[in-house]
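Below: data-v6.cif (mmCIF, C-alpha atoms (C1' of nucleotides))
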```
data_final
#
loop_
_atom_site.label_atom_id
_atom_site.label_comp_id
_atom_site.auth_asym_id
_atom_site.auth_seq_id
_atom_site.Cartn_x
_atom_site.Cartn_y
_atom_site.Cartn_z
CA MET B 1 0.00 0.00 0.00
CA ASP B 2 1.25 3.43 -0.93
CA HIS B 3 1.15 5.44 2.27
CA LEU B 4 1.61 8.69 0.35
CA LYS B 5 -1.67 8.29 -1.54
CA LEU B 6 -4.26 10.87 -0.55
CA GLU B 7 -6.99 8.27 -0.08
CA ASN B 8 -4.83 6.38 2.41
CA GLN B 9 -4.29 9.45 4.57
CA VAL B 10 -5.82 9.39 8.03
CA CYS B 11 -5.41 13.05 8.82
CA PHE B 12 -6.80 14.48 5.62
CA PRO B 13 -10.42 13.52 6.49
CA ILE B 14 -9.99 15.07 9.94
CA TYR B 15 -8.58 18.27 8.42
CA THR B 16 -11.43 18.32 5.89
CA LEU B 17 -14.08 17.65 8.53
CA ALA B 18 -12.81 20.48 10.72
CA LYS B 19 -13.03 22.88 7.77
CA GLU B 20 -16.51 21.72 6.78
CA MET B 21 -17.68 22.10 10.37
CA VAL B 22 -16.40 25.66 10.50
CA ASN B 23 -18.15 26.31 7.17
CA LYS B 24 -21.40 24.93 8.58
CA TYR B 25 -21.00 27.10 11.68
CA ARG B 26 -20.52 30.11 9.40
CA SER B 27 -24.15 29.88 8.31
CA LEU B 28 -25.43 28.88 11.76
CA LEU B 29 -23.62 31.80 13.42
CA GLU B 30 -24.40 34.36 10.73
CA GLU B 31 -27.35 35.70 12.71
CA LEU B 32 -25.17 36.13 15.81
CA GLU B 33 -22.46 37.81 13.73
CA LEU B 34 -19.84 35.53 15.25
CA THR B 35 -17.11 33.41 13.71
CA TYR B 36 -16.56 29.92 15.11
CA PRO B 37 -13.49 30.89 17.19
CA GLN B 38 -15.38 33.92 18.49
CA TYR B 39 -18.31 31.62 19.37
CA LEU B 40 -15.92 29.38 21.32
CA VAL B 41 -14.69 32.37 23.33
CA MET B 42 -18.29 33.33 24.05
CA LEU B 43 -19.04 29.75 25.23
CA VAL B 44 -16.16 30.06 27.70
CA LEU B 45 -17.41 33.43 28.95
CA TRP B 46 -21.05 32.35 29.17
CA GLU B 47 -19.91 29.55 31.48
CA LYS B 48 -17.89 31.93 33.66
CA ASP B 49 -17.77 35.67 33.26
CA GLU B 50 -14.62 37.71 33.89
CA GLN B 51 -11.68 35.60 32.81
CA SER B 52 -8.15 36.56 31.88
CA VAL B 53 -6.87 36.19 28.32
CA SER B 54 -4.61 33.34 29.39
CA ALA B 55 -7.46 31.51 31.19
CA ILE B 56 -9.51 31.64 28.00
CA GLY B 57 -6.46 30.62 26.00
CA GLU B 58 -5.83 27.55 28.15
CA LYS B 59 -9.37 26.31 27.69
CA LEU B 60 -9.35 26.81 23.93
CA ASN B 61 -5.66 26.12 23.25
CA LEU B 62 -5.14 29.55 21.74
CA ASP B 63 -2.34 32.01 22.44
CA SER B 64 -2.33 35.77 22.78
CA GLY B 65 -1.32 36.17 19.14
CA THR B 66 -4.72 34.76 18.21
CA LEU B 67 -6.79 35.98 21.14
CA THR B 68 -5.69 39.61 21.43
CA PRO B 69 -7.00 40.67 18.00
CA LEU B 70 -10.05 38.38 18.29
CA LEU B 71 -11.01 39.89 21.65
CA LYS B 72 -10.54 43.38 20.26
CA ARG B 73 -13.06 42.51 17.57
CA LEU B 74 -15.52 41.23 20.18
CA GLU B 75 -14.96 44.49 22.05
CA GLN B 76 -15.76 46.48 18.91
CA LYS B 77 -19.00 44.51 18.61
CA GLU B 78 -19.61 45.67 22.20
CA ILE B 79 -20.28 42.19 23.54
CA VAL B 80 -17.18 42.05 25.79
CA ILE B 81 -15.06 44.52 27.74
CA ARG B 82 -11.26 44.31 28.06
CA LYS B 83 -9.86 45.73 31.27
CA ARG B 84 -6.47 45.51 32.95
CA SER B 85 -6.70 43.78 36.31
CA GLN B 86 -6.10 46.14 39.22
CA ALA B 87 -4.64 43.34 41.31
CA ASP B 88 -2.14 42.39 38.60
CA GLU B 89 -1.55 44.95 35.89
CA ARG B 90 -0.13 42.30 33.56
CA MET B 91 -3.48 40.60 33.19
CA VAL B 92 -6.38 41.70 31.01
CA VAL B 93 -9.78 40.60 32.31
CA ILE B 94 -12.48 39.91 29.74
CA SER B 95 -16.07 40.41 30.84
CA LEU B 96 -19.43 40.25 29.09
CA THR B 97 -21.55 43.31 28.40
CA ALA B 98 -25.34 43.12 28.71
CA ALA B 99 -25.47 42.50 24.96
CA GLY B 100 -22.90 39.77 25.36
CA HIS B 101 -25.04 38.04 28.00
CA GLN B 102 -28.15 38.39 25.87
CA LEU B 103 -26.45 36.80 22.89
CA LYS B 104 -26.53 33.49 24.79
CA THR B 105 -30.30 33.28 24.29
CA LYS B 106 -29.89 33.57 20.54
CA ALA B 107 -27.23 30.84 20.63
CA GLN B 108 -29.40 28.25 22.39
CA ASN B 109 -30.41 26.40 19.24
CA VAL B 110 -26.97 26.38 17.63
CA PRO B 111 -25.65 23.10 19.14
CA SER B 112 -28.73 21.07 18.19
CA ALA B 113 -28.75 22.58 14.70
CA MET B 114 -25.15 21.45 14.32
CA VAL B 115 -25.80 17.91 15.54
CA ASP B 116 -28.79 17.75 13.20
CA ALA B 117 -26.62 18.84 10.27
CA MET B 118 -24.08 16.11 11.01
CA SER B 119 -26.99 13.61 11.20
CA ILE B 120 -25.09 10.84 12.90
CA PRO B 121 -26.41 8.67 15.76
CA VAL B 122 -25.56 9.98 19.23
CA ALA B 123 -23.99 6.63 20.13
CA GLU B 124 -21.62 6.79 17.18
CA LEU B 125 -20.82 10.38 18.08
CA LYS B 126 -19.73 9.23 21.53
CA VAL B 127 -17.40 6.61 20.08
CA LEU B 128 -15.99 9.25 17.76
CA LYS B 129 -15.41 11.69 20.60
CA ASN B 130 -13.65 8.97 22.62
CA SER B 131 -11.24 8.16 19.81
CA ILE B 132 -10.51 11.83 19.24
CA ASP B 133 -9.82 12.43 22.93
CA LYS B 134 -7.48 9.44 22.97
CA ILE B 135 -5.50 10.73 19.97
CA LEU B 136 -5.41 14.22 21.46
CA SER B 137 -3.93 12.94 24.71
CA ASN B 138 -1.21 11.18 22.68
CA LEU B 139 -0.31 14.06 20.36
CA MET Z 1 -27.61 19.19 30.14
CA ASP Z 2 -26.33 22.58 29.04
CA HIS Z 3 -25.63 22.24 25.35
CA LEU Z 4 -23.65 25.49 25.37
CA LYS Z 5 -21.02 24.14 27.76
CA LEU Z 6 -17.63 23.71 26.15
CA GLU Z 7 -17.20 20.18 27.48
CA ASN Z 8 -20.46 19.13 25.85
CA GLN Z 9 -19.39 20.36 22.44
CA VAL Z 10 -18.87 17.72 19.76
CA CYS Z 11 -17.10 19.91 17.26
CA PHE Z 12 -14.57 21.49 19.59
CA PRO Z 13 -12.53 18.26 19.95
CA ILE Z 14 -12.53 17.86 16.16
CA TYR Z 15 -11.39 21.46 15.70
CA THR Z 16 -8.70 20.95 18.36
CA LEU Z 17 -7.55 17.65 16.88
CA ALA Z 18 -7.19 19.17 13.41
CA LYS Z 19 -5.03 21.95 14.85
CA GLU Z 20 -2.87 19.55 16.87
CA MET Z 21 -2.40 17.39 13.81
CA VAL Z 22 -1.22 20.34 11.78
CA ASN Z 23 1.13 21.26 14.63
CA LYS Z 24 2.54 17.72 14.66
CA TYR Z 25 2.99 17.88 10.89
CA ARG Z 26 4.88 21.15 11.32
CA SER Z 27 7.74 19.30 13.02
CA LEU Z 28 7.50 16.23 10.75
CA LEU Z 29 7.59 18.39 7.60
CA GLU Z 30 10.24 20.81 8.83
CA GLU Z 31 12.97 18.91 7.01
CA LEU Z 32 11.00 19.03 3.76
CA GLU Z 33 10.32 22.74 4.26
CA LEU Z 34 6.63 22.19 3.59
CA THR Z 35 3.50 23.27 5.44
CA TYR Z 36 0.70 20.72 5.81
CA PRO Z 37 -1.46 22.21 3.01
CA GLN Z 38 1.63 22.36 0.77
CA TYR Z 39 2.32 18.69 1.64
CA LEU Z 40 -1.24 17.80 0.60
CA VAL Z 41 -0.73 19.49 -2.77
CA MET Z 42 2.50 17.53 -3.21
CA LEU Z 43 0.68 14.26 -2.39
CA VAL Z 44 -1.80 15.04 -5.17
CA LEU Z 45 1.00 15.81 -7.64
CA TRP Z 46 3.10 12.78 -6.66
CA GLU Z 47 0.09 10.61 -7.51
CA LYS Z 48 -0.39 12.30 -10.90
CA ASP Z 49 1.87 14.94 -12.35
CA GLU Z 50 0.57 17.86 -14.44
CA GLN Z 51 -2.78 18.84 -13.01
CA SER Z 52 -4.77 22.02 -13.29
CA VAL Z 53 -5.33 24.28 -10.30
CA SER Z 54 -9.02 23.35 -10.25
CA ALA Z 55 -8.26 19.60 -10.39
CA ILE Z 56 -6.02 19.96 -7.35
CA GLY Z 57 -8.64 22.12 -5.68
CA GLU Z 58 -11.39 19.56 -6.19
CA LYS Z 59 -9.32 16.83 -4.58
CA LEU Z 60 -8.36 18.95 -1.58
CA ASN Z 61 -11.51 21.09 -1.31
CA LEU Z 62 -9.53 24.30 -1.75
CA ASP Z 63 -10.33 27.23 -4.02
CA SER Z 64 -8.09 29.45 -6.12
CA GLY Z 65 -7.95 32.05 -3.36
CA THR Z 66 -6.03 29.53 -1.28
CA LEU Z 67 -4.22 27.63 -4.02
CA THR Z 68 -2.91 30.45 -6.21
CA PRO Z 69 -0.63 31.96 -3.55
CA LEU Z 70 0.27 28.51 -2.14
CA LEU Z 71 1.32 27.27 -5.59
CA LYS Z 72 3.35 30.43 -6.16
CA ARG Z 73 5.24 29.64 -2.95
CA LEU Z 74 5.88 26.06 -4.17
CA GLU Z 75 7.11 27.56 -7.44
CA GLN Z 76 9.49 29.83 -5.54
CA LYS Z 77 10.86 26.76 -3.77
CA GLU Z 78 11.41 25.41 -7.30
CA ILE Z 79 9.54 22.15 -6.68
CA VAL Z 80 6.66 22.89 -9.09
CA ILE Z 81 6.17 24.83 -12.33
CA ARG Z 82 3.06 26.85 -13.18
CA LYS Z 83 2.26 27.06 -16.88
CA ARG Z 84 -0.80 28.18 -18.82
CA SER Z 85 -2.31 25.34 -20.82
CA GLN Z 86 -1.90 25.81 -24.55
CA ALA Z 87 -5.12 23.93 -25.26
CA ASP Z 88 -7.13 26.14 -22.90
CA GLU Z 89 -5.51 29.41 -21.93
CA ARG Z 90 -7.78 29.74 -18.88
CA MET Z 91 -6.14 26.79 -17.17
CA VAL Z 92 -2.84 26.75 -15.32
CA VAL Z 93 -1.13 23.36 -15.32
CA ILE Z 94 1.01 22.53 -12.31
CA SER Z 95 3.88 20.11 -12.85
CA LEU Z 96 6.69 18.80 -10.67
CA THR Z 97 10.32 19.78 -11.16
CA ALA Z 98 13.08 17.19 -10.66
CA ALA Z 99 13.49 18.51 -7.11
CA GLY Z 100 9.75 18.16 -6.61
CA HIS Z 101 9.88 14.50 -7.66
CA GLN Z 102 12.90 13.85 -5.44
CA LEU Z 103 11.14 15.29 -2.42
CA LYS Z 104 8.83 12.26 -2.46
CA THR Z 105 11.69 10.05 -1.26
CA LYS Z 106 12.23 12.28 1.75
CA ALA Z 107 8.48 12.14 2.51
CA GLN Z 108 8.27 8.34 2.63
CA ASN Z 109 8.48 8.06 6.40
CA VAL Z 110 6.08 10.93 7.18
CA PRO Z 111 2.80 8.93 7.21
CA SER Z 112 4.10 6.23 9.54
CA ALA Z 113 5.66 8.83 11.85
CA MET Z 114 2.26 10.51 12.05
CA VAL Z 115 0.36 7.30 12.81
CA ASP Z 116 3.00 6.47 15.43
CA ALA Z 117 2.50 9.88 17.04
CA MET Z 118 -1.25 9.34 17.26
CA SER Z 119 -0.58 5.91 18.79
CA ILE Z 120 -4.04 4.49 18.31
CA PRO Z 121 -4.88 0.95 17.11
CA VAL Z 122 -5.36 0.66 13.35
CA ALA Z 123 -8.77 -0.92 13.88
CA GLU Z 124 -9.97 2.04 15.93
CA LEU Z 125 -8.55 4.36 13.30
CA LYS Z 126 -10.70 2.66 10.67
CA VAL Z 127 -13.85 3.14 12.75
CA LEU Z 128 -12.91 6.77 13.24
CA LYS Z 129 -12.37 7.31 9.53
CA ASN Z 130 -15.75 5.71 8.77
CA SER Z 131 -17.59 8.02 11.17
CA ILE Z 132 -15.82 11.05 9.76
CA ASP Z 133 -16.63 10.10 6.18
CA LYS Z 134 -20.27 9.62 7.15
CA ILE Z 135 -20.47 13.07 8.77
CA LEU Z 136 -18.66 14.62 5.80
CA SER Z 137 -21.16 13.19 3.34
CA ASN Z 138 -23.96 14.71 5.44
CA LEU Z 139 -22.49 18.17 5.93
"C1'" DC U 1 16.11 46.31 48.42
"C1'" DC U 2 17.53 45.71 43.94
"C1'" DA U 3 18.98 42.78 40.15
"C1'" DT U 4 17.29 38.66 38.06
"C1'" DT U 5 13.85 35.80 36.55
"C1'" DA U 6 9.21 34.69 35.47
"C1'" DT U 7 4.65 35.87 33.82
"C1'" DA U 8 0.91 38.22 30.93
"C1'" DT U 9 -0.28 40.41 27.04
"C1'" DA U 10 0.84 42.69 22.70
"C1'" DT U 11 3.08 43.00 18.24
"C1'" DT U 12 5.02 41.41 13.86
"C1'" DG U 13 5.32 38.38 10.18
"C1'" DT U 14 3.95 34.22 7.49
"C1'" DG U 15 0.60 31.20 5.73
"C1'" DC U 16 -3.71 29.37 5.24
"C1'" DA U 17 -9.15 29.56 4.30
"C1'" DC U 18 -12.82 31.56 2.21
"C1'" DA U 19 -16.18 35.18 0.51
"C1'" DA U 20 -16.64 38.44 -3.06
"C1'" DT U 21 -15.19 40.29 -7.08
"C1'" DA U 22 -12.37 40.86 -11.36
"C1'" DT U 23 -10.48 39.35 -15.67
"C1'" DA U 24 -9.80 36.68 -19.47
"C1'" DA U 25 -10.80 32.75 -22.32
"C1'" DT U 26 -14.11 29.40 -23.97
"C1'" DT U 27 -18.83 27.66 -24.99
"C1'" DT U 28 -23.33 28.12 -25.89
"C1'" DT U 29 -27.25 30.23 -28.12
"C1'" DG U 30 -30.23 33.05 -30.61
"C1'" DC S 1 -21.30 34.68 -36.24
"C1'" DA S 2 -21.98 37.85 -32.29
"C1'" DA S 3 -23.99 38.41 -27.68
"C1'" DA S 4 -24.63 36.03 -23.49
"C1'" DA S 5 -23.45 32.64 -20.30
"C1'" DT S 6 -20.00 29.68 -18.36
"C1'" DT S 7 -15.48 28.39 -16.77
"C1'" DA S 8 -10.63 29.02 -14.84
"C1'" DT S 9 -7.65 31.57 -12.41
"C1'" DA S 10 -6.34 35.75 -9.96
"C1'" DT S 11 -7.06 39.49 -6.66
"C1'" DT S 12 -8.73 41.78 -2.48
"C1'" DG S 13 -10.13 41.80 2.10
"C1'" DT S 14 -11.12 39.63 6.65
"C1'" DG S 15 -10.07 36.52 10.19
"C1'" DC S 16 -7.78 32.95 12.26
"C1'" DA S 17 -3.30 30.22 13.96
"C1'" DC S 18 1.12 30.23 15.46
"C1'" DA S 19 6.22 31.29 15.81
"C1'" DA S 20 9.18 34.78 17.40
"C1'" DT S 21 9.89 38.79 19.69
"C1'" DA S 22 8.84 42.93 22.58
"C1'" DT S 23 7.18 45.22 26.65
"C1'" DA S 24 5.55 45.85 31.03
"C1'" DT S 25 4.53 44.10 35.53
"C1'" DA S 26 5.24 40.99 39.30
"C1'" DA S 27 7.80 37.66 42.06
"C1'" DT S 28 12.08 36.11 43.92
"C1'" DG S 29 16.74 35.54 45.65
"C1'" DG S 30 21.04 37.22 47.19
#
```
Once you've parsed the file, please lay out its structure as structure tokens.
Amino acid sequence: MDHLKLENQVCFPIYTLAKEMVNKYRSLLEELELTYPQYLVMLVLWEKDEQSVSAIGEKLNLDSGTLTPLLKRLEQKEIVIRKRSQADERMVVISLTAAGHQLKTKAQNVPSAMVDAMSIPVAELKVLKNSIDKILSNL
Amino acid sequence: MDHLKLENQVCFPIYTLAKEMVNKYRSLLEELELTYPQYLVMLVLWEKDEQSVSAIGEKLNLDSGTLTPLLKRLEQKEIVIRKRSQADERMVVISLTAAGHQLKTKAQNVPSAMVDAMSIPVAELKVLKNSIDKILSNL
DNA sequence: CCATTATATATTGTGCACAATATAATTTTG
DNA sequence: CAAAATTATATTGTGCACAATATATAATGG
């Protein structure tokens, strides 16, 4: 077997799936005017308001080079506020505005819409998630 | 269950895995001086030399906005040549240089190194690939 | 206490990824 | 055949993603 053939690649389907997911989210999140990475940041903040850039980055595996400009865009949309911590001036604390909180209501149906679009049995989805978590812990 | 909790997200692990894979490839492909998307284009060309931009794009699900600059970078590395088709002046045919062909030898061990890094049984990998393909056909 | 080290965020630069649009060549149609 | 529609690639603009570096603040050790 030729391991350099595209059809024998294991990672290419994963790479493709991730892109297609983000594309699907583009239409689902259009109404919220959020990109997928921005939506992820909002998920983190909806769970717990007022978190530092690095705390958000640890949860999403994103560094300041990605988050700083992204958070500035969320600030321009007026759904978050960026504020230097008084206790530690190195840290920037991100908090939700009223509009940012309200956006959660509009997002309620997004997860189910996504699962519907993938149209795969929940049981199979669990197996998939298990395999992915296993690979992630190895990589 | 709160469907907007990060830990309940199905797509976040897929998005994370795709990124981690690309990161792993970054070190594996360092010697070849290729990025992962560039490596994918080379896989396509190693299978069949002399393909149009759109033919490559169909196989990799990438459009000209992504491929045109990427292919120009491969041309600068002198591993491919870009040439307008004489039969149809709209098309640009991409072909491998001698150096481009030779690079395949250096790439031989990349797939196995990647599978090793993921360290997951081949059988489980097959199940994973099946689920992914199913979701992809739905999305 | 002050020099050193560590930490947190920001900045710069490169390379995708994709929408929208532009341009040029080819095909189709009236 | 000429106008209209289609096709192929290129360009522009926005937004990640990450490496490398810079800057400012805080913690620490002699």
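The residues returned by the PyMOL selection byres ((chain Z) within 9 of (chain U)) on the shown structure are Thr35, Pro37, Leu62, Asp63, Gly65, Thr66, Leu70, Asp88, Glu89 and Arg90 of chain Z.
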Check every residue of chain S for an atom within 8 Å of chain Z, counting all atoms listed in the file, and provide those that qualify as a PDB file with C-alpha atoms (C1' of nucleotides), keeping the file's coordinate frame.
```pdb
ATOM      1  C1'  DA S   8     -10.630  29.020 -14.840  1.00  0.00           C
ATOM      2  C1'  DT S   9      -7.650  31.570 -12.410  1.00  0.00           C
ATOM      3  C1'  DA S  10      -6.340  35.750  -9.960  1.00  0.00           C
TER       4       DA S  10
END
```
Calculate, to one decimal in Å, the centre and edge lengths of the box along x, y and z of the file that holds all listed atoms of region 8-17 of chain S with 8 Å of margin on each side, and present them as AutoDock Vina command-line options.
```
--center_x -7.2 --center_y 35.4 --center_z -0.4 --size_x 23.8 --size_y 28.8 --size_z 44.8
```
Tell me, counting all atoms listed in the file, for each residue of chain B within 9 Å of chain Z, which pair of atoms is nearest and how far apart they are in Å to one decimal, in rows ordered by chain and increasing number, as a tab-separated table.
```
residue	atom	partner	partner_atom	distance
B:His3	CA	Z:Pro111	CA	6.3
B:Leu4	CA	Z:Leu43	CA	6.3
B:Lys5	CA	Z:Leu43	CA	6.5
B:Leu6	CA	Z:Leu43	CA	6.3
B:Gln9	CA	Z:Pro111	CA	7.6
B:Val10	CA	Z:Lys129	CA	7.0
B:Cys11	CA	Z:Met21	CA	7.3
B:Phe12	CA	Z:Leu40	CA	8.2
B:Pro13	CA	Z:Ile132	CA	6.8
B:Ile14	CA	Z:Ala18	CA	6.1
B:Tyr15	CA	Z:Ala18	CA	5.3
B:Thr16	CA	Z:Asn61	CA	7.7
B:Leu17	CA	Z:Leu136	CA	6.1
B:Ala18	CA	Z:Tyr15	CA	5.3
B:Lys19	CA	Z:Tyr15	CA	8.2
B:Glu20	CA	Z:Leu139	CA	7.0
B:Met21	CA	Z:Cys11	CA	7.3
B:Val22	CA	Z:Tyr15	CA	8.4
B:Lys24	CA	Z:Leu139	CA	7.3
B:Leu40	CA	Z:Leu6	CA	7.6
B:Leu43	CA	Z:Leu6	CA	6.3
B:Val44	CA	Z:Leu6	CA	6.7
B:Trp46	CA	Z:Leu4	CA	8.3
B:Glu47	CA	Z:Lys5	CA	6.7
B:Lys59	CA	Z:Leu6	CA	8.8
B:Leu60	CA	Z:Thr16	CA	8.1
B:Asn61	CA	Z:Thr16	CA	7.7
B:Lys104	CA	Z:Leu4	CA	8.5
B:Ala107	CA	Z:Leu4	CA	8.0
B:Gln108	CA	Z:Leu4	CA	7.0
B:Asn109	CA	Z:His3	CA	8.8
B:Val110	CA	Z:Leu4	CA	8.5
B:Pro111	CA	Z:His3	CA	6.3
B:Ser112	CA	Z:His3	CA	7.9
B:Met114	CA	Z:Cys11	CA	8.7
B:Val115	CA	Z:Val10	CA	8.1
B:Ala117	CA	Z:Leu139	CA	6.0
B:Met118	CA	Z:Ile135	CA	5.2
B:Ser119	CA	Z:Asn138	CA	6.6
B:Ile120	CA	Z:Ile135	CA	6.6
B:Glu124	CA	Z:Ser131	CA	7.3
B:Leu125	CA	Z:Val10	CA	7.8
B:Lys126	CA	Z:Val10	CA	8.7
B:Val127	CA	Z:Leu128	CA	8.2
B:Leu128	CA	Z:Leu128	CA	6.0
B:Lys129	CA	Z:Val10	CA	7.0
B:Ser131	CA	Z:Leu128	CA	6.9
B:Ile132	CA	Z:Pro13	CA	6.8
B:Asp133	CA	Z:Pro13	CA	7.1
B:Lys134	CA	Z:Ile120	CA	7.6
B:Ile135	CA	Z:Met118	CA	5.2
B:Leu136	CA	Z:Leu17	CA	6.1
B:Ser137	CA	Z:Met118	CA	8.7
B:Asn138	CA	Z:Met118	CA	5.7
B:Leu139	CA	Z:Met118	CA	5.7
```
Exercise. Which value, in Å to one decimal, gives the distance between CA of Glu75 (chain Z) and C1' of DT6 (chain S)?
Worked result: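 We find that CA of Glu75 (chain Z) and C1' of DT6 (chain S) lie 29.3 Å from each other.
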Exercise. In Å, with one decimal, what is the gap from CA of Asp49 (chain Z) to CA of Leu28 (chain Z)?
Worked result: 23.8 Å
Seminar exercise, completed: CA of Ile94 (chain Z) sits from C1' of DC18 (chain S) at a separation of 28.8 Å
